[in-house]
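Raw start.pdb, PDB, C-alpha atoms, pLDDT in the B column:
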```pdb
ATOM      1  CA  ASP A 135       2.286 -15.297  -9.496  1.00 72.00           C
ATOM      2  CA  GLN A 136       3.381 -13.407  -6.396  1.00 84.00           C
ATOM      3  CA  GLN A 137       6.557 -14.778  -4.897  1.00 94.00           C
ATOM      4  CA  VAL A 138       6.359 -12.550  -1.806  1.00 97.00           C
ATOM      5  CA  LYS A 139       2.977 -12.202  -0.141  1.00 97.00           C
ATOM      6  CA  GLN A 140       1.792  -9.887   2.564  1.00 97.00           C
ATOM      7  CA  ASN A 141      -1.747 -11.037   3.120  1.00 93.00           C
ATOM      8  CA  SER A 142      -2.802  -8.309   5.539  1.00 95.00           C
ATOM      9  CA  PRO A 143      -3.289  -4.999   3.740  1.00 95.00           C
ATOM     10  CA  SER A 144      -3.656  -3.184   7.037  1.00 97.00           C
ATOM     11  CA  LEU A 145      -3.050  -3.528  10.764  1.00 97.00           C
ATOM     12  CA  SER A 146      -4.125  -1.316  13.635  1.00 98.00           C
ATOM     13  CA  VAL A 147      -2.351  -1.437  16.996  1.00 98.00           C
ATOM     14  CA  GLN A 148      -2.510   0.537  20.221  1.00 98.00           C
ATOM     15  CA  GLU A 149       0.550   2.564  21.195  1.00 97.00           C
ATOM     16  CA  GLY A 150       2.859   0.588  23.474  1.00 97.00           C
ATOM     17  CA  ARG A 151       1.621  -2.794  22.279  1.00 98.00           C
ATOM     18  CA  ILE A 152       3.354  -5.205  19.910  1.00 98.00           C
ATOM     19  CA  SER A 153       2.906  -4.944  16.143  1.00 98.00           C
ATOM     20  CA  ILE A 154       3.404  -8.156  14.178  1.00 98.00           C
ATOM     21  CA  LEU A 155       3.626  -7.935  10.409  1.00 98.00           C
ATOM     22  CA  ASN A 156       3.705 -11.149   8.415  1.00 98.00           C
ATOM     23  CA  CYS A 157       5.189 -12.158   5.097  1.00 98.00           C
ATOM     24  CA  ASP A 158       5.152 -15.437   3.161  1.00 98.00           C
ATOM     25  CA  TYR A 159       7.283 -16.413   0.207  1.00 97.00           C
ATOM     26  CA  THR A 160       7.146 -19.188  -2.326  1.00 96.00           C
ATOM     27  CA  ASN A 161      10.597 -19.242  -3.918  1.00 93.00           C
ATOM     28  CA  SER A 162      12.934 -21.577  -2.011  1.00 92.00           C
ATOM     29  CA  MET A 163      15.910 -19.888  -3.689  1.00 91.00           C
ATOM     30  CA  PHE A 164      15.381 -16.736  -1.654  1.00 92.00           C
ATOM     31  CA  ASP A 165      18.178 -16.442   0.878  1.00 90.00           C
ATOM     32  CA  TYR A 166      18.024 -12.859   2.042  1.00 90.00           C
ATOM     33  CA  PHE A 167      15.044 -10.950   3.365  1.00 93.00           C
ATOM     34  CA  LEU A 168      14.495  -7.295   4.167  1.00 93.00           C
ATOM     35  CA  TRP A 169      11.836  -5.045   5.628  1.00 96.00           C
ATOM     36  CA  TYR A 170      11.268  -1.494   4.417  1.00 96.00           C
ATOM     37  CA  LYS A 171       9.075   1.237   5.829  1.00 96.00           C
ATOM     38  CA  LYS A 172       7.425   3.828   3.615  1.00 95.00           C
ATOM     39  CA  TYR A 173       5.817   7.117   4.515  1.00 94.00           C
ATOM     40  CA  PRO A 174       3.589   8.929   1.988  1.00 90.00           C
ATOM     41  CA  ALA A 175       5.478  10.909  -0.668  1.00 85.00           C
ATOM     42  CA  GLU A 176       8.795   9.334   0.338  1.00 90.00           C
ATOM     43  CA  GLY A 177      10.788   6.394  -0.931  1.00 92.00           C
ATOM     44  CA  PRO A 178      10.989   3.187   1.119  1.00 93.00           C
ATOM     45  CA  THR A 179      13.468   3.245   4.002  1.00 93.00           C
ATOM     46  CA  PHE A 180      15.458   0.162   4.941  1.00 92.00           C
ATOM     47  CA  LEU A 181      14.534  -1.149   8.384  1.00 94.00           C
ATOM     48  CA  ILE A 182      16.087  -4.539   9.053  1.00 94.00           C
ATOM     49  CA  SER A 183      17.275  -7.639   7.193  1.00 91.00           C
ATOM     50  CA  ILE A 184      17.950 -11.299   7.810  1.00 93.00           C
ATOM     51  CA  SER A 185      19.990 -13.920   6.037  1.00 90.00           C
ATOM     52  CA  SER A 186      18.589 -17.405   5.572  1.00 92.00           C
ATOM     53  CA  ILE A 187      21.340 -18.808   7.788  1.00 92.00           C
ATOM     54  CA  LYS A 188      19.709 -17.089  10.761  1.00 94.00           C
ATOM     55  CA  ASP A 189      16.273 -17.375  12.286  1.00 96.00           C
ATOM     56  CA  LYS A 190      16.217 -14.096  14.163  1.00 97.00           C
ATOM     57  CA  ASN A 191      17.708 -10.640  13.884  1.00 96.00           C
ATOM     58  CA  GLU A 192      17.120  -7.827  16.328  1.00 97.00           C
ATOM     59  CA  ASP A 193      17.694  -4.086  16.089  1.00 95.00           C
ATOM     60  CA  GLY A 194      16.305  -2.006  18.903  1.00 97.00           C
ATOM     61  CA  ARG A 195      12.520  -2.209  18.883  1.00 98.00           C
ATOM     62  CA  PHE A 196      12.505  -4.225  15.653  1.00 98.00           C
ATOM     63  CA  THR A 197      12.969  -7.994  15.420  1.00 98.00           C
ATOM     64  CA  VAL A 198      12.624 -10.135  12.325  1.00 98.00           C
ATOM     65  CA  PHE A 199      11.947 -13.852  12.614  1.00 98.00           C
ATOM     66  CA  LEU A 200      12.500 -16.292   9.765  1.00 98.00           C
ATOM     67  CA  ASN A 201      10.910 -19.750   9.547  1.00 97.00           C
ATOM     68  CA  LYS A 202      12.452 -21.347   6.476  1.00 96.00           C
ATOM     69  CA  SER A 203      10.461 -24.554   6.642  1.00 96.00           C
ATOM     70  CA  ALA A 204       7.225 -22.560   6.567  1.00 97.00           C
ATOM     71  CA  LYS A 205       8.638 -19.975   4.145  1.00 97.00           C
ATOM     72  CA  HIS A 206       7.431 -17.315   6.518  1.00 98.00           C
ATOM     73  CA  LEU A 207       8.924 -14.261   8.136  1.00 97.00           C
ATOM     74  CA  SER A 208       7.556 -11.728  10.535  1.00 98.00           C
ATOM     75  CA  LEU A 209       8.503  -8.308  11.809  1.00 98.00           C
ATOM     76  CA  HIS A 210       7.846  -7.504  15.460  1.00 98.00           C
ATOM     77  CA  ILE A 211       7.809  -3.933  16.684  1.00 98.00           C
ATOM     78  CA  VAL A 212       7.863  -3.555  20.449  1.00 97.00           C
ATOM     79  CA  PRO A 213       6.696  -1.194  21.804  1.00 98.00           C
ATOM     80  CA  SER A 214       4.786   0.333  18.914  1.00 98.00           C
ATOM     81  CA  GLN A 215       4.841   4.121  18.608  1.00 97.00           C
ATOM     82  CA  PRO A 216       2.610   6.486  16.594  1.00 97.00           C
ATOM     83  CA  GLY A 217       5.634   7.384  14.447  1.00 96.00           C
ATOM     84  CA  ASP A 218       5.738   3.757  13.301  1.00 97.00           C
ATOM     85  CA  SER A 219       2.527   4.341  11.336  1.00 97.00           C
ATOM     86  CA  ALA A 220       3.543   3.673   7.727  1.00 97.00           C
ATOM     87  CA  VAL A 221       3.379   1.047   5.001  1.00 97.00           C
ATOM     88  CA  TYR A 222       5.746  -1.848   5.610  1.00 98.00           C
ATOM     89  CA  PHE A 223       7.130  -3.864   2.716  1.00 97.00           C
ATOM     90  CA  CYS A 224       8.718  -7.275   2.921  1.00 96.00           C
ATOM     91  CA  ALA A 225      11.334  -8.011   0.239  1.00 94.00           C
ATOM     92  CA  ALA A 226      13.418 -11.020  -0.730  1.00 93.00           C
ATOM     93  CA  SER A 227      16.352 -11.820  -2.941  1.00 88.00           C
ATOM     94  CA  ALA A 228      18.218 -14.862  -4.135  1.00 84.00           C
ATOM     95  CA  GLY A 229      21.493 -13.012  -4.301  1.00 69.00           C
ATOM     96  CA  GLY A 230      22.967 -14.045  -0.970  1.00 61.00           C
ATOM     97  CA  GLY A 231      22.937 -10.482   0.244  1.00 55.00           C
ATOM     98  CA  SER A 232      24.266  -8.946  -2.948  1.00 58.00           C
ATOM     99  CA  GLN A 233      20.741  -7.722  -3.600  1.00 56.00           C
ATOM    100  CA  GLY A 234      20.730  -7.404  -7.346  1.00 69.00           C
ATOM    101  CA  ASN A 235      17.009  -7.775  -7.652  1.00 82.00           C
ATOM    102  CA  LEU A 236      14.590  -7.518  -4.750  1.00 89.00           C
ATOM    103  CA  ILE A 237      11.082  -8.966  -4.952  1.00 92.00           C
ATOM    104  CA  PHE A 238       8.662  -6.937  -2.847  1.00 95.00           C
ATOM    105  CA  GLY A 239       5.320  -7.799  -1.317  1.00 97.00           C
ATOM    106  CA  LYS A 240       2.342  -5.459  -1.684  1.00 97.00           C
ATOM    107  CA  GLY A 241       2.823  -3.964   1.757  1.00 97.00           C
ATOM    108  CA  THR A 242       0.915  -3.743   5.025  1.00 98.00           C
ATOM    109  CA  LYS A 243      -0.307  -0.389   6.281  1.00 97.00           C
ATOM    110  CA  LEU A 244       0.339  -0.118  10.013  1.00 98.00           C
ATOM    111  CA  SER A 245      -1.603   2.370  12.096  1.00 98.00           C
ATOM    112  CA  VAL A 246      -0.463   2.893  15.672  1.00 98.00           C
ATOM    113  CA  LYS A 247      -3.093   4.697  17.717  1.00 96.00           C
ATOM    114  CA  PRO A 248      -2.178   6.863  20.708  1.00 93.00           C
TER     115      PRO A 248
ATOM    116  CA  ASP B 285      25.710  13.702   1.218  1.00 55.00           C
ATOM    117  CA  THR B 286      21.947  14.255   0.995  1.00 73.00           C
ATOM    118  CA  GLY B 287      21.019  10.727  -0.024  1.00 91.00           C
ATOM    119  CA  VAL B 288      19.563   9.565  -3.315  1.00 95.00           C
ATOM    120  CA  SER B 289      18.167  12.444  -5.355  1.00 96.00           C
ATOM    121  CA  GLN B 290      15.562  12.060  -8.097  1.00 97.00           C
ATOM    122  CA  ASN B 291      14.369  14.683 -10.539  1.00 97.00           C
ATOM    123  CA  PRO B 292      11.792  15.712 -11.356  1.00 97.00           C
ATOM    124  CA  ARG B 293       9.521  14.824  -8.432  1.00 96.00           C
ATOM    125  CA  HIS B 294       6.454  14.941 -10.644  1.00 97.00           C
ATOM    126  CA  LYS B 295       5.968  14.703 -14.385  1.00 97.00           C
ATOM    127  CA  ILE B 296       2.746  14.980 -16.343  1.00 98.00           C
ATOM    128  CA  THR B 297       3.001  14.117 -20.007  1.00 98.00           C
ATOM    129  CA  LYS B 298       0.728  13.430 -22.927  1.00 98.00           C
ATOM    130  CA  ARG B 299       0.479   9.949 -24.291  1.00 97.00           C
ATOM    131  CA  GLY B 300       3.044   9.366 -26.993  1.00 97.00           C
ATOM    132  CA  GLN B 301       5.596  11.817 -25.631  1.00 98.00           C
ATOM    133  CA  ASN B 302       9.061  10.837 -24.415  1.00 98.00           C
ATOM    134  CA  VAL B 303      10.129  11.467 -20.835  1.00 98.00           C
ATOM    135  CA  THR B 304      13.469  11.238 -19.049  1.00 98.00           C
ATOM    136  CA  PHE B 305      14.114  10.959 -15.329  1.00 97.00           C
ATOM    137  CA  ARG B 306      17.379  11.489 -13.522  1.00 98.00           C
ATOM    138  CA  CYS B 307      18.778   9.801 -10.429  1.00 98.00           C
ATOM    139  CA  ASP B 308      21.830  10.904  -8.453  1.00 97.00           C
ATOM    140  CA  PRO B 309      22.884   8.126  -6.076  1.00 95.00           C
ATOM    141  CA  ILE B 310      24.891   8.356  -2.876  1.00 92.00           C
ATOM    142  CA  SER B 311      28.375   9.086  -4.135  1.00 89.00           C
ATOM    143  CA  GLU B 312      30.154   6.124  -2.530  1.00 86.00           C
ATOM    144  CA  HIS B 313      27.596   3.609  -3.814  1.00 89.00           C
ATOM    145  CA  ASN B 314      28.598   1.610  -6.865  1.00 89.00           C
ATOM    146  CA  ARG B 315      25.190   0.017  -7.491  1.00 90.00           C
ATOM    147  CA  LEU B 316      22.149   1.854  -8.793  1.00 93.00           C
ATOM    148  CA  TYR B 317      18.665   0.394  -9.215  1.00 94.00           C
ATOM    149  CA  TRP B 318      15.427   1.441 -10.877  1.00 96.00           C
ATOM    150  CA  TYR B 319      12.070   0.244  -9.607  1.00 95.00           C
ATOM    151  CA  ARG B 320       8.499   1.097 -10.518  1.00 96.00           C
ATOM    152  CA  GLN B 321       5.606   1.221  -8.073  1.00 95.00           C
ATOM    153  CA  THR B 322       1.935   1.411  -8.927  1.00 94.00           C
ATOM    154  CA  LEU B 323      -0.934   2.037  -6.525  1.00 90.00           C
ATOM    155  CA  GLY B 324      -1.469  -0.800  -4.062  1.00 90.00           C
ATOM    156  CA  GLN B 325       1.622  -2.688  -5.175  1.00 93.00           C
ATOM    157  CA  GLY B 326       5.137  -3.039  -3.919  1.00 95.00           C
ATOM    158  CA  PRO B 327       8.084  -1.745  -5.928  1.00 94.00           C
ATOM    159  CA  GLU B 328       8.833  -3.814  -9.040  1.00 94.00           C
ATOM    160  CA  PHE B 329      12.405  -4.234 -10.220  1.00 92.00           C
ATOM    161  CA  LEU B 330      13.270  -2.723 -13.610  1.00 94.00           C
ATOM    162  CA  THR B 331      17.047  -2.728 -13.916  1.00 94.00           C
ATOM    163  CA  TYR B 332      20.314  -2.197 -12.064  1.00 91.00           C
ATOM    164  CA  PHE B 333      23.843  -1.035 -12.721  1.00 92.00           C
ATOM    165  CA  GLN B 334      27.124  -1.804 -11.096  1.00 91.00           C
ATOM    166  CA  ASN B 335      29.270   1.214 -11.886  1.00 91.00           C
ATOM    167  CA  GLU B 336      28.464   1.912 -15.565  1.00 92.00           C
ATOM    168  CA  ALA B 337      27.571  -1.680 -16.482  1.00 92.00           C
ATOM    169  CA  GLN B 338      23.888  -2.590 -16.713  1.00 91.00           C
ATOM    170  CA  LEU B 339      23.877  -6.039 -15.092  1.00 88.00           C
ATOM    171  CA  GLU B 340      20.230  -7.038 -15.123  1.00 86.00           C
ATOM    172  CA  LYS B 341      17.002  -5.980 -16.820  1.00 89.00           C
ATOM    173  CA  SER B 342      13.499  -7.113 -15.971  1.00 89.00           C
ATOM    174  CA  ARG B 343      11.151  -8.285 -18.693  1.00 85.00           C
ATOM    175  CA  LEU B 344       8.977  -5.399 -17.463  1.00 78.00           C
ATOM    176  CA  LEU B 345      11.500  -3.137 -19.170  1.00 83.00           C
ATOM    177  CA  SER B 346      10.008  -3.042 -22.647  1.00 87.00           C
ATOM    178  CA  ASP B 347      11.828  -1.723 -25.706  1.00 91.00           C
ATOM    179  CA  ARG B 348      10.361   1.698 -24.969  1.00 95.00           C
ATOM    180  CA  PHE B 349      12.381   1.905 -21.758  1.00 96.00           C
ATOM    181  CA  SER B 350      16.097   2.585 -21.682  1.00 95.00           C
ATOM    182  CA  ALA B 351      18.403   3.302 -18.783  1.00 96.00           C
ATOM    183  CA  GLU B 352      21.940   4.590 -18.762  1.00 95.00           C
ATOM    184  CA  ARG B 353      24.634   5.289 -16.248  1.00 95.00           C
ATOM    185  CA  PRO B 354      27.369   6.646 -18.495  1.00 90.00           C
ATOM    186  CA  LYS B 355      30.095   7.461 -15.994  1.00 86.00           C
ATOM    187  CA  GLY B 356      29.058   5.226 -13.159  1.00 84.00           C
ATOM    188  CA  SER B 357      27.579   8.142 -11.255  1.00 90.00           C
ATOM    189  CA  PHE B 358      24.106   9.517 -12.076  1.00 96.00           C
ATOM    190  CA  SER B 359      21.619   7.536 -14.133  1.00 97.00           C
ATOM    191  CA  THR B 360      18.789   8.392 -16.506  1.00 97.00           C
ATOM    192  CA  LEU B 361      15.669   6.410 -17.290  1.00 97.00           C
ATOM    193  CA  GLU B 362      13.931   7.278 -20.560  1.00 97.00           C
ATOM    194  CA  ILE B 363      10.487   6.160 -21.615  1.00 97.00           C
ATOM    195  CA  GLN B 364       9.657   6.626 -25.277  1.00 97.00           C
ATOM    196  CA  ARG B 365       6.126   6.908 -26.675  1.00 97.00           C
ATOM    197  CA  THR B 366       4.567   6.908 -23.222  1.00 97.00           C
ATOM    198  CA  GLU B 367       1.343   5.009 -22.611  1.00 96.00           C
ATOM    199  CA  GLN B 368      -1.225   5.464 -19.857  1.00 96.00           C
ATOM    200  CA  GLY B 369      -0.054   2.201 -18.309  1.00 95.00           C
ATOM    201  CA  ASP B 370       3.331   3.822 -17.688  1.00 96.00           C
ATOM    202  CA  SER B 371       1.767   6.045 -15.033  1.00 97.00           C
ATOM    203  CA  ALA B 372       3.531   5.078 -11.817  1.00 96.00           C
ATOM    204  CA  MET B 373       6.092   6.118  -9.239  1.00 96.00           C
ATOM    205  CA  TYR B 374       9.606   5.494 -10.542  1.00 97.00           C
ATOM    206  CA  LEU B 375      12.027   4.822  -7.716  1.00 97.00           C
ATOM    207  CA  CYS B 376      15.789   4.903  -7.827  1.00 97.00           C
ATOM    208  CA  ALA B 377      17.982   3.320  -5.170  1.00 94.00           C
ATOM    209  CA  SER B 378      21.684   2.830  -4.589  1.00 92.00           C
ATOM    210  CA  SER B 379      23.860   0.547  -2.485  1.00 88.00           C
ATOM    211  CA  PHE B 380      27.309  -0.815  -1.948  1.00 81.00           C
ATOM    212  CA  SER B 381      28.195  -4.135  -3.462  1.00 71.00           C
ATOM    213  CA  PRO B 382      27.880  -6.474  -1.724  1.00 60.00           C
ATOM    214  CA  GLY B 383      25.104  -4.852   0.267  1.00 55.00           C
ATOM    215  CA  GLU B 384      24.331  -7.327   2.965  1.00 54.00           C
ATOM    216  CA  GLY B 385      23.170  -5.880   6.223  1.00 53.00           C
ATOM    217  CA  TYR B 386      21.648  -2.571   5.336  1.00 65.00           C
ATOM    218  CA  GLY B 387      19.671  -2.717   2.131  1.00 75.00           C
ATOM    219  CA  TYR B 388      19.284  -0.122  -0.524  1.00 85.00           C
ATOM    220  CA  THR B 389      18.809   3.587   0.005  1.00 91.00           C
ATOM    221  CA  PHE B 390      15.844   4.754  -2.035  1.00 94.00           C
ATOM    222  CA  GLY B 391      15.144   8.205  -3.392  1.00 96.00           C
ATOM    223  CA  SER B 392      11.750   9.866  -3.031  1.00 95.00           C
ATOM    224  CA  GLY B 393      10.780   8.887  -6.552  1.00 96.00           C
ATOM    225  CA  THR B 394       9.444  10.542  -9.685  1.00 97.00           C
ATOM    226  CA  ARG B 395       5.691  10.323 -10.087  1.00 97.00           C
ATOM    227  CA  LEU B 396       4.745  10.024 -13.750  1.00 97.00           C
ATOM    228  CA  THR B 397       1.215  10.724 -14.946  1.00 97.00           C
ATOM    229  CA  VAL B 398       0.441  10.019 -18.593  1.00 98.00           C
ATOM    230  CA  VAL B 399      -2.734  11.746 -19.798  1.00 96.00           C
TER     231      VAL B 399
END
```
Would you give me this structure, written as structure tokens?
Amino acid sequence: DQQVKQNSPSLSVQEGRISILNCDYTNSMFDYFLWYKKYPAEGPTFLISISSIKDKNEDGRFTVFLNKSAKHLSLHIVPSQPGDSAVYFCAASAGGGSQGNLIFGKGTKLSVKP
Amino acid sequence: DTGVSQNPRHKITKRGQNVTFRCDPISEHNRLYWYRQTLGQGPEFLTYFQNEAQLEKSRLLSDRFSAERPKGSFSTLEIQRTEQGDSAMYLCASSFSPGEGYGYTFGSGTRLTVV
């Protein structure tokens, strides 16, 4: 049973527009959420995180929104750039930020077209 | 510091053979993690260390798998009597403890192919 779900395997967006990647979770014990970006032949790279005590965290072009009641989070990328084309993974932990064990979704492949 | 280093990058082995992978974390990081990723899936947690102590192991880590971090620096992951189902990308990551705010730093992984 998947505890972290990314239901869209792929997303295509025009350069300069907004990319919205979605993630749902089922475990109410999760209290820390992260997004990672992965290019082919490389390991995942940390992008942004959010604690369950917040509903929004922003870092440059990247914003993560958390809706605890819906057990849903989303990553917004504005404006999208061709270099953002990668697989994006949502991850969650119940460690309060100590991150002993992250549960990852299956990923969403983002393609940003020039 | 060049980040998290994993060796080898690729390993092809025959079924039944033993393999060992090495991970060198970022030197200041006291936590080290092993994950496994198969095609179309996200990384799956295997185990993690804080310094030399192995604090958590997933049930995915069968008796054929063993991980060590003898001096709290580099770590090795050994798979004995490999099976075709062990074919995957094995990812190592490291972090500070606690790590809130910036996540793990992953290495580029070791791709294992069991033939």
| B:Ser289 surroundings by only C-alpha atoms, 12 Å radius, close-in-sequence under 3 positions cut, as a ChimeraX atom specification | /A:176-177 /B:285-286,292-293,305-311,316,357-360,375-378,389-394
Please produce, as CSV, a per-residue contact table for chain B versus chain A (criterion: any atom at most 9 Å away, only C-alpha atoms considered), showing the nearest atom pair and its distance in Å to one decimal, sorted by chain then residue number.
```
residue,atom,partner,partner_atom,distance
B:Arg315,CA,A:Gly234,CA,8.7
B:Tyr317,CA,A:Gly234,CA,8.3
B:Gly324,CA,A:Lys240,CA,6.5
B:Gln325,CA,A:Lys240,CA,4.5
B:Gly326,CA,A:Lys240,CA,4.3
B:Pro327,CA,A:Phe238,CA,6.1
B:Glu328,CA,A:Phe238,CA,6.9
B:Phe329,CA,A:Asn235,CA,6.4
B:Leu330,CA,A:Asn235,CA,8.7
B:Thr331,CA,A:Asn235,CA,8.0
B:Tyr332,CA,A:Gly234,CA,7.0
B:Phe333,CA,A:Gly234,CA,8.9
B:Leu339,CA,A:Gly234,CA,8.5
B:Glu340,CA,A:Gly234,CA,7.8
B:Leu375,CA,A:Gly177,CA,7.1
B:Cys376,CA,A:Gly177,CA,8.6
B:Ala377,CA,A:Gly177,CA,8.9
B:Ser379,CA,A:Gln233,CA,8.9
B:Phe380,CA,A:Ser232,CA,8.7
B:Ser381,CA,A:Ser232,CA,6.2
B:Pro382,CA,A:Ser232,CA,4.5
B:Gly383,CA,A:Ser232,CA,5.3
B:Glu384,CA,A:Gly231,CA,4.4
B:Gly385,CA,A:Ser183,CA,6.2
B:Tyr386,CA,A:Phe180,CA,6.8
B:Gly387,CA,A:Phe180,CA,5.8
B:Tyr388,CA,A:Phe180,CA,6.7
B:Thr389,CA,A:Thr179,CA,6.7
B:Phe390,CA,A:Gly177,CA,5.4
B:Gly391,CA,A:Gly177,CA,5.3
B:Ser392,CA,A:Gly177,CA,4.2
B:Gly393,CA,A:Gly177,CA,6.1
```
| task | Could you tell me which residues the PyMOL selection byres ((chain A and resi 201) around 10) returns for this structure, as number ranges by chain? | result | A: 158, 186, 188-190, 199-200, 202-208
| field | Shell around B:Thr297 at 10 Å using all atoms listed in the file, local window under 4 positions removed, as a list in words | value | Gln301, Asn302, Val303, Thr366, Glu367, Gln368, Ser371, Leu396, Thr397, Val398 and Val399 of chain B
| task | Calculate how many Å separate atom CA of B:Arg348 from atom CA of B:Thr322, rounding to one decimal. | result | 18.1 Å
